[in-house]
$ cat work_2.cif   # mmCIF, C-alpha atoms and all ligand atoms
data_structure
loop_
_atom_site.label_atom_id
_atom_site.label_comp_id
_atom_site.auth_asym_id
_atom_site.auth_seq_id
_atom_site.Cartn_x
_atom_site.Cartn_y
_atom_site.Cartn_z
CA MET A 14 -79.44 -108.95 243.67
CA ASP A 15 -75.83 -109.17 242.56
CA ILE A 16 -73.78 -106.29 241.20
CA ASN A 17 -73.43 -107.79 237.73
CA GLU A 18 -77.18 -107.97 237.35
CA LEU A 19 -77.49 -104.33 238.45
CA ARG A 20 -74.80 -103.29 235.98
CA LYS A 21 -76.63 -105.10 233.22
CA GLN A 22 -79.77 -103.17 234.09
CA ILE A 23 -77.83 -99.90 233.98
CA ASP A 24 -76.43 -100.84 230.56
CA GLU A 25 -79.92 -101.52 229.25
CA THR A 26 -81.26 -98.29 230.72
CA ASP A 27 -78.40 -96.29 229.18
CA ALA A 28 -79.08 -97.84 225.78
CA GLU A 29 -82.71 -96.72 226.07
CA ILE A 30 -81.65 -93.22 227.20
CA LEU A 31 -79.31 -92.98 224.22
CA ARG A 32 -82.09 -93.88 221.78
CA LEU A 33 -84.42 -91.35 223.39
CA PHE A 34 -81.68 -88.73 223.38
CA GLU A 35 -81.09 -89.24 219.66
CA ARG A 36 -84.80 -88.95 219.04
CA ARG A 37 -85.07 -85.77 221.10
CA MET A 38 -82.12 -84.14 219.33
CA SER A 39 -83.44 -85.09 215.93
CA ILE A 40 -86.85 -83.53 216.69
CA SER A 41 -85.08 -80.51 218.08
CA GLY A 42 -83.12 -80.18 214.83
CA GLU A 43 -86.38 -80.31 212.86
CA ILE A 44 -87.85 -77.59 215.07
CA GLY A 45 -84.73 -75.47 214.42
CA ALA A 46 -85.14 -75.93 210.65
CA TYR A 47 -88.85 -75.04 210.87
CA LYS A 48 -88.09 -71.90 212.85
CA LYS A 49 -85.46 -70.89 210.32
CA GLN A 50 -87.83 -71.42 207.38
CA ASN A 51 -90.58 -69.44 209.05
CA GLY A 52 -88.41 -66.65 210.34
CA LEU A 53 -89.18 -67.47 213.98
CA SER A 54 -86.71 -66.64 216.70
CA LEU A 55 -84.77 -69.67 217.91
CA PHE A 56 -85.20 -69.35 221.64
CA ASP A 57 -87.83 -68.23 224.02
CA ALA A 58 -86.66 -68.00 227.62
CA SER A 59 -90.16 -67.89 229.13
CA ARG A 60 -91.22 -71.00 227.18
CA GLU A 61 -88.10 -72.73 228.41
CA ARG A 62 -88.91 -71.94 232.04
CA GLU A 63 -92.49 -73.17 231.59
CA LEU A 64 -91.27 -76.36 229.96
CA LEU A 65 -88.84 -77.06 232.77
CA GLU A 66 -91.54 -76.57 235.39
CA SER A 67 -94.06 -78.77 233.62
CA ARG A 68 -91.48 -81.54 233.08
CA LEU A 69 -90.58 -81.57 236.75
CA SER A 70 -94.17 -81.57 237.94
CA ASP A 71 -94.50 -85.08 236.51
CA ILE A 72 -91.75 -86.54 238.63
CA GLY A 73 -92.61 -89.62 240.70
CA ASP A 74 -89.87 -89.42 243.31
CA GLU A 75 -89.62 -85.86 244.72
CA THR A 76 -86.10 -86.43 246.04
CA LEU A 77 -84.94 -86.77 242.44
CA LYS A 78 -86.27 -83.35 241.47
CA PRO A 79 -83.00 -81.37 241.69
CA TYR A 80 -81.24 -84.06 239.68
CA ALA A 81 -83.96 -84.05 237.06
CA ALA A 82 -83.80 -80.25 236.93
CA GLN A 83 -80.10 -80.48 236.14
CA LEU A 84 -80.71 -83.13 233.50
CA PHE A 85 -83.38 -81.13 231.66
CA LYS A 86 -81.38 -77.94 231.89
CA THR A 87 -78.49 -79.74 230.22
CA LEU A 88 -80.78 -81.30 227.60
CA MET A 89 -82.22 -77.89 226.74
CA GLU A 90 -78.76 -76.38 226.47
CA LEU A 91 -77.58 -79.15 224.18
CA SER A 92 -80.71 -78.65 222.09
CA LYS A 93 -79.85 -74.97 221.74
CA GLY A 94 -76.32 -75.79 220.66
CA PHE A 95 -77.66 -78.32 218.18
CA GLN A 96 -80.30 -75.95 216.80
CA LEU A 97 -77.62 -73.32 216.40
CA ARG A 98 -75.73 -75.83 214.30
CA THR A 99 -78.83 -76.67 212.24
CA VAL A 100 -79.70 -73.05 211.66
CA ASN A 101 -76.52 -71.10 211.08
CA GLU A 102 -73.44 -72.93 212.37
CA LYS A 103 -72.16 -69.70 213.88
CA ASN A 104 -69.01 -69.49 215.93
CA ILE A 105 -68.80 -67.79 219.31
CA VAL A 106 -65.66 -65.67 219.48
CA LEU A 107 -64.21 -64.56 222.82
CA ILE A 108 -62.13 -61.39 222.90
CA GLY A 109 -60.60 -59.46 225.79
CA ILE A 110 -57.41 -58.62 227.55
CA MET A 111 -54.86 -61.24 228.69
CA GLY A 112 -56.15 -62.98 231.80
CA SER A 113 -59.81 -62.25 231.14
CA GLY A 114 -60.55 -66.00 230.98
CA LYS A 115 -61.05 -66.48 227.24
CA SER A 116 -59.66 -70.02 227.34
CA SER A 117 -61.19 -71.30 230.56
CA LYS A 118 -64.61 -69.79 229.86
CA GLY A 119 -64.42 -70.79 226.20
CA LYS A 120 -63.73 -74.44 226.99
CA LEU A 121 -66.67 -74.71 229.36
CA LEU A 122 -68.96 -72.81 226.97
CA ALA A 123 -68.08 -75.20 224.14
CA GLU A 124 -68.66 -78.21 226.34
CA ARG A 125 -72.00 -76.91 227.57
CA LEU A 126 -73.29 -76.22 224.05
CA GLY A 127 -71.74 -79.28 222.39
CA MET A 128 -69.56 -77.06 220.17
CA GLY A 129 -65.92 -77.45 219.13
CA PHE A 130 -63.29 -75.36 220.93
CA ILE A 131 -60.18 -73.79 219.42
CA ASP A 132 -57.57 -71.40 220.80
CA ILE A 133 -55.74 -69.24 218.23
CA ASP A 134 -52.51 -68.91 220.28
CA GLU A 135 -52.38 -72.66 220.82
CA GLU A 136 -52.79 -73.29 217.09
CA ILE A 137 -49.95 -70.85 216.32
CA GLU A 138 -47.75 -72.63 218.86
CA LYS A 139 -48.55 -76.04 217.36
CA GLU A 140 -47.84 -74.85 213.85
CA GLN A 141 -44.55 -73.15 214.78
CA GLY A 142 -43.41 -75.78 217.28
CA MET A 143 -42.64 -72.91 219.68
CA THR A 144 -44.38 -71.15 222.53
CA VAL A 145 -45.68 -67.59 222.11
CA PRO A 146 -42.81 -66.13 224.23
CA GLU A 147 -40.31 -68.04 222.10
CA ILE A 148 -41.84 -66.61 218.91
CA PHE A 149 -41.63 -63.09 220.36
CA GLU A 150 -38.04 -63.65 221.41
CA LYS A 151 -36.77 -65.32 218.23
CA HIS A 152 -38.76 -63.48 215.58
CA GLY A 153 -40.18 -60.40 217.25
CA LYS A 154 -43.61 -58.87 217.75
CA PHE A 155 -44.33 -58.12 214.09
CA LYS A 156 -43.72 -61.69 213.01
CA PHE A 157 -46.07 -62.88 215.80
CA ARG A 158 -48.80 -60.49 214.60
CA ASP A 159 -48.34 -61.75 211.06
CA LEU A 160 -48.71 -65.38 212.21
CA GLU A 161 -51.70 -64.36 214.30
CA ASN A 162 -53.40 -62.65 211.35
CA ARG A 163 -52.92 -65.67 209.12
CA LYS A 164 -54.09 -68.15 211.73
CA THR A 165 -57.11 -65.96 212.53
CA ALA A 166 -58.14 -65.89 208.85
CA GLU A 167 -57.87 -69.68 208.71
CA ILE A 168 -59.76 -70.30 211.96
CA SER A 169 -62.51 -67.83 210.99
CA THR A 170 -63.64 -70.24 208.27
CA LEU A 171 -64.54 -72.89 210.84
CA LYS A 172 -68.15 -73.41 211.80
CA HIS A 173 -69.85 -74.05 215.11
CA HIS A 174 -66.75 -73.48 217.23
CA VAL A 175 -66.01 -71.45 220.30
CA ILE A 176 -62.90 -69.48 219.36
CA SER A 177 -60.56 -68.16 222.03
CA THR A 178 -58.42 -65.33 220.65
CA GLY A 179 -55.20 -63.70 221.82
CA GLY A 180 -55.68 -60.35 223.54
CA GLY A 181 -54.17 -58.46 220.61
CA VAL A 182 -56.47 -59.87 217.93
CA VAL A 183 -58.42 -56.59 217.83
CA LEU A 184 -55.34 -54.68 216.67
CA SER A 185 -56.11 -55.71 213.11
CA ASP A 186 -59.42 -54.75 211.49
CA SER A 187 -59.19 -57.63 209.05
CA ASN A 188 -58.93 -60.13 211.94
CA MET A 189 -62.15 -58.83 213.37
CA GLU A 190 -63.91 -58.64 210.01
CA ASN A 191 -62.96 -62.26 209.38
CA LEU A 192 -64.06 -63.44 212.81
CA GLY A 193 -67.30 -61.46 212.56
CA LYS A 194 -68.38 -62.97 209.24
CA ASN A 195 -69.56 -66.15 210.88
CA GLY A 196 -69.18 -65.32 214.54
CA ILE A 197 -70.94 -63.79 217.50
CA ILE A 198 -68.26 -61.71 219.22
CA VAL A 199 -68.25 -61.58 223.01
CA PHE A 200 -66.03 -59.15 224.92
CA LEU A 201 -64.95 -60.52 228.32
CA ASN A 202 -64.43 -57.26 230.17
CA ARG A 203 -63.20 -58.67 233.45
CA ASP A 204 -62.44 -56.28 236.30
CA ILE A 205 -59.01 -54.87 235.42
CA ASP A 206 -57.71 -54.57 239.01
CA GLU A 207 -58.53 -58.22 239.69
CA THR A 208 -57.00 -59.24 236.37
CA VAL A 209 -53.75 -57.41 237.17
CA ARG A 210 -53.74 -58.91 240.66
CA THR A 211 -54.18 -62.51 239.55
CA ILE A 212 -52.60 -62.77 236.10
CA ASP A 213 -49.82 -65.27 235.46
CA THR A 214 -47.16 -63.23 233.62
CA ALA A 215 -44.93 -66.23 232.88
CA ASN A 216 -46.05 -66.94 229.32
CA ARG A 217 -46.85 -63.36 228.41
CA PRO A 218 -44.04 -61.52 226.68
CA LEU A 219 -45.92 -58.21 226.77
CA LEU A 220 -45.92 -58.37 230.56
CA ALA A 221 -42.18 -58.97 230.90
CA ASP A 222 -41.92 -55.73 232.92
CA GLY A 223 -44.70 -56.75 235.27
CA ALA A 224 -48.46 -57.14 235.47
CA HIS A 225 -49.06 -53.39 235.89
CA LYS A 226 -48.35 -53.00 232.13
CA LEU A 227 -51.77 -54.52 231.64
CA TYR A 228 -53.46 -51.26 232.71
CA GLU A 229 -51.90 -49.47 229.79
CA ILE A 230 -52.71 -52.25 227.31
CA TYR A 231 -56.29 -52.36 228.58
CA ASN A 232 -56.79 -48.61 228.22
CA ASP A 233 -55.30 -48.63 224.74
CA ARG A 234 -57.58 -51.41 223.54
CA LEU A 235 -60.82 -50.90 225.42
CA GLU A 236 -62.37 -48.89 222.62
CA LEU A 237 -61.44 -51.57 220.08
CA TYR A 238 -62.92 -54.41 222.14
CA ARG A 239 -66.12 -52.39 222.45
CA LYS A 240 -66.18 -51.48 218.79
CA TRP A 241 -65.97 -55.06 217.58
CA CYS A 242 -68.07 -56.99 220.09
CA ASP A 243 -71.72 -57.94 219.75
CA PHE A 244 -72.01 -57.75 223.50
CA GLU A 245 -69.88 -57.30 226.57
CA LEU A 246 -69.72 -59.21 229.85
CA ALA A 247 -68.48 -56.83 232.52
CA GLY A 248 -67.07 -57.46 235.99
CA GLU A 249 -65.93 -60.39 238.05
CA SER A 250 -67.60 -63.77 237.95
CA THR A 251 -66.72 -67.42 238.21
CA VAL A 252 -66.12 -69.38 235.02
CA GLU A 253 -69.51 -71.09 235.45
CA ALA A 254 -71.43 -67.85 236.05
CA ALA A 255 -69.78 -66.19 233.05
CA VAL A 256 -70.73 -69.12 230.83
CA ASP A 257 -74.33 -69.05 232.12
CA GLU A 258 -74.50 -65.36 231.25
CA ILE A 259 -73.06 -65.80 227.77
CA ILE A 260 -75.59 -68.55 227.02
CA LYS A 261 -78.42 -66.35 228.29
CA LYS A 262 -77.29 -63.41 226.16
CA ILE A 263 -76.82 -65.42 223.00
CA PHE A 264 -80.09 -67.27 223.13
C1 LIG A 301 -51.27 -60.86 223.50
C2 LIG A 301 -52.01 -61.77 224.20
C3 LIG A 301 -51.63 -63.19 224.33
C4 LIG A 301 -50.76 -63.62 223.15
C5 LIG A 301 -49.60 -62.70 222.99
C6 LIG A 301 -50.03 -61.25 222.76
C7 LIG A 301 -51.73 -59.46 223.46
O1 LIG A 301 -52.80 -63.99 224.38
O2 LIG A 301 -51.50 -63.65 221.97
O3 LIG A 301 -48.80 -62.82 224.13
O4 LIG A 301 -51.28 -58.71 222.59
O5 LIG A 301 -52.59 -59.08 224.29
P1 LIG A 301 -53.79 -64.08 225.70
O6 LIG A 301 -54.68 -62.88 225.69
O7 LIG A 301 -54.55 -65.33 225.48
O8 LIG A 301 -52.90 -64.13 226.89
#
$ encode --input "work_2.cif" --output "structure tokens" --more "lines below"
Ligand code: S3P
Amino acid sequence: MDINELRKQIDETDAEILRLFERRMSISGEIGAYKKQNGLSLFDASRERELLESRLSDIGDETLKPYAAQLFKTLMELSKGFQLRTVNEKNIVLIGIMGSGKSSKGKLLAERLGMGFIDIDEEIEKEQGMTVPEIFEKHGKFKFRDLENRKTAEISTLKHHVISTGGGVVLSDSNMENLGKNGIIVFLNRDIDETVRTIDTANRPLLADGAHKLYEIYNDRLELYRKWCDFELAGESTVEAAVDEIIKKIF
């Protein structure tokens, strides 16, 4: 068989998969709406495990099992993200000290759940046409906090986004009240020694005197992060493992 013929077959198969995917997501959305109407909880981890096992038991070619497991895991995750959208369109807000991985973990989390991703510092930089260190240098800390407060209020009105915040977002109660109105707040409490050891201080004006300053900032803010979060993720983990854990905790 020639390659063009095989490619044509793949195209046709993908078109079928796409139709089935749309159908699955649409049913999943209806289930989400039903659960909302009837006050049922959205997710049931034990049912999910059972479902995965029963799906895989039907497989014809055993060698494909790990691939199929990955596929269904992804499908279920996307369903959760979609049901979340159908039911309450909540944001997931990541807070924590500089270097705790709010951006890297946030991006992967958004991708895994089919949600939008937005980073408050990046939006401030785009709006001002300057980097965060440049804003600190030209206009000072108070001006930066003012820009941060305004941008946070604006971004809090979004729906169904993963929001990565700047480490100092918790310094203002109104920031956190705004973010909490439509958001599940997750505190990334990464191991502080590891964070100090690995942090890139280049774009962080508050660390101009060195990474060790982070200990002080962390101790000053720990209580605030804990006060405002819905739950905390403590310790060291890879980006993937942290995202797995957040998904488990939320659903
Ligand atoms: C800050 C953290 C930074 C940035 C600014 C101030 C802080 O964001 O907003 O330099 O006060 O902790 P990251 O936490 O994303 O580095």
$ residues_near_ligand --input "work_2.cif" --ligand "ligand LIG 301 (chain A)" --cutoff "9 Å" --atoms "all atoms listed in the file" --output "ChimeraX atom specification"
/A:108-116,132-135,145-146,149,154,157-158,161,177-184,214,216-220,227,230-231
$ atom_distance --input "work_2.cif" --atom1 "atom CA of A:Asp186" --atom2 "atom CA of A:Leu237"
9.4 Å
$ closest_residue --input "work_2.cif" --among "A:Arg239, A:Lys156, A:Lys172, A:Lys120" --to "A:Met189" --atoms "all atoms listed in the file"
A:Arg239
$ closest_residue --input "work_2.cif" --among "A:Leu65, A:Leu107, A:Leu97, A:Leu84" --to "A:Gly42" --atoms "all atoms listed in the file"
A:Leu97
$ residues_around --input "work_2.cif" --residues "A:Asp57" --least-positions-apart "6" --cutoff "12 Å" --atoms "all atoms listed in the file" --output "mmCIF file with C-alpha atoms, keeping the file's coordinate frame"
data_model
loop_
_atom_site.group_PDB
_atom_site.id
_atom_site.type_symbol
_atom_site.label_atom_id
_atom_site.label_comp_id
_atom_site.auth_asym_id
_atom_site.auth_seq_id
_atom_site.Cartn_x
_atom_site.Cartn_y
_atom_site.Cartn_z
ATOM 1 C CA LYS A 48 -88.090 -71.900 212.850
ATOM 2 C CA GLU A 63 -92.490 -73.170 231.590
ATOM 3 C CA LEU A 64 -91.270 -76.360 229.960
ATOM 4 C CA MET A 89 -82.220 -77.890 226.740
ATOM 5 C CA LYS A 93 -79.850 -74.970 221.740
ATOM 6 C CA LYS A 261 -78.420 -66.350 228.290
ATOM 7 C CA LYS A 262 -77.290 -63.410 226.160
ATOM 8 C CA ILE A 263 -76.820 -65.420 223.000
ATOM 9 C CA PHE A 264 -80.090 -67.270 223.130
#
$ atom_distance --input "work_2.cif" --atom1 "atom CA of A:Leu69" --atom2 "atom CA of A:Lys49"
29.0 Å
$ closest_residue --input "work_2.cif" --among "A:Glu229, A:Asp243, A:Glu90, A:Glu150" --to "A:Asp257" --atoms "all atoms listed in the file"
A:Glu90
$ residues_around --input "work_2.cif" --residues "A:Lys164" --least-positions-apart "3" --cutoff "9 Å" --atoms "all atoms listed in the file" --output "PyMOL selection string"
chain A and resi 133-134+136-137+159-161+167-169
$ atom_distance --input "work_2.cif" --atom1 "atom CA of A:Gly248" --atom2 "atom CA of A:Asp204"
4.8 Å
$ residues_around --input "work_2.cif" --residues "A:Leu122" --least-positions-apart "6" --cutoff "12 Å" --atoms "all atoms listed in the file" --output "number ranges by chain"
A: 90-91, 94, 104-107, 114-116, 128-131, 173-177, 199, 252-261, 263
$ closest_residue --input "work_2.cif" --among "A:Ala28, A:Val100, A:Ile205, A:Ile198" --to "A:Asn51" --atoms "all atoms listed in the file"
A:Val100
$ axis_aligned_box --input "work_2.cif" --around "stretch 79-95 of chain A" --padding-each-side "8 Å" --output "lines of an AutoDock Vina configuration file"
center_x = -80.1
center_y = -79.5
center_z = 229.9
size_x = 23.6
size_y = 25.1
size_z = 39.5
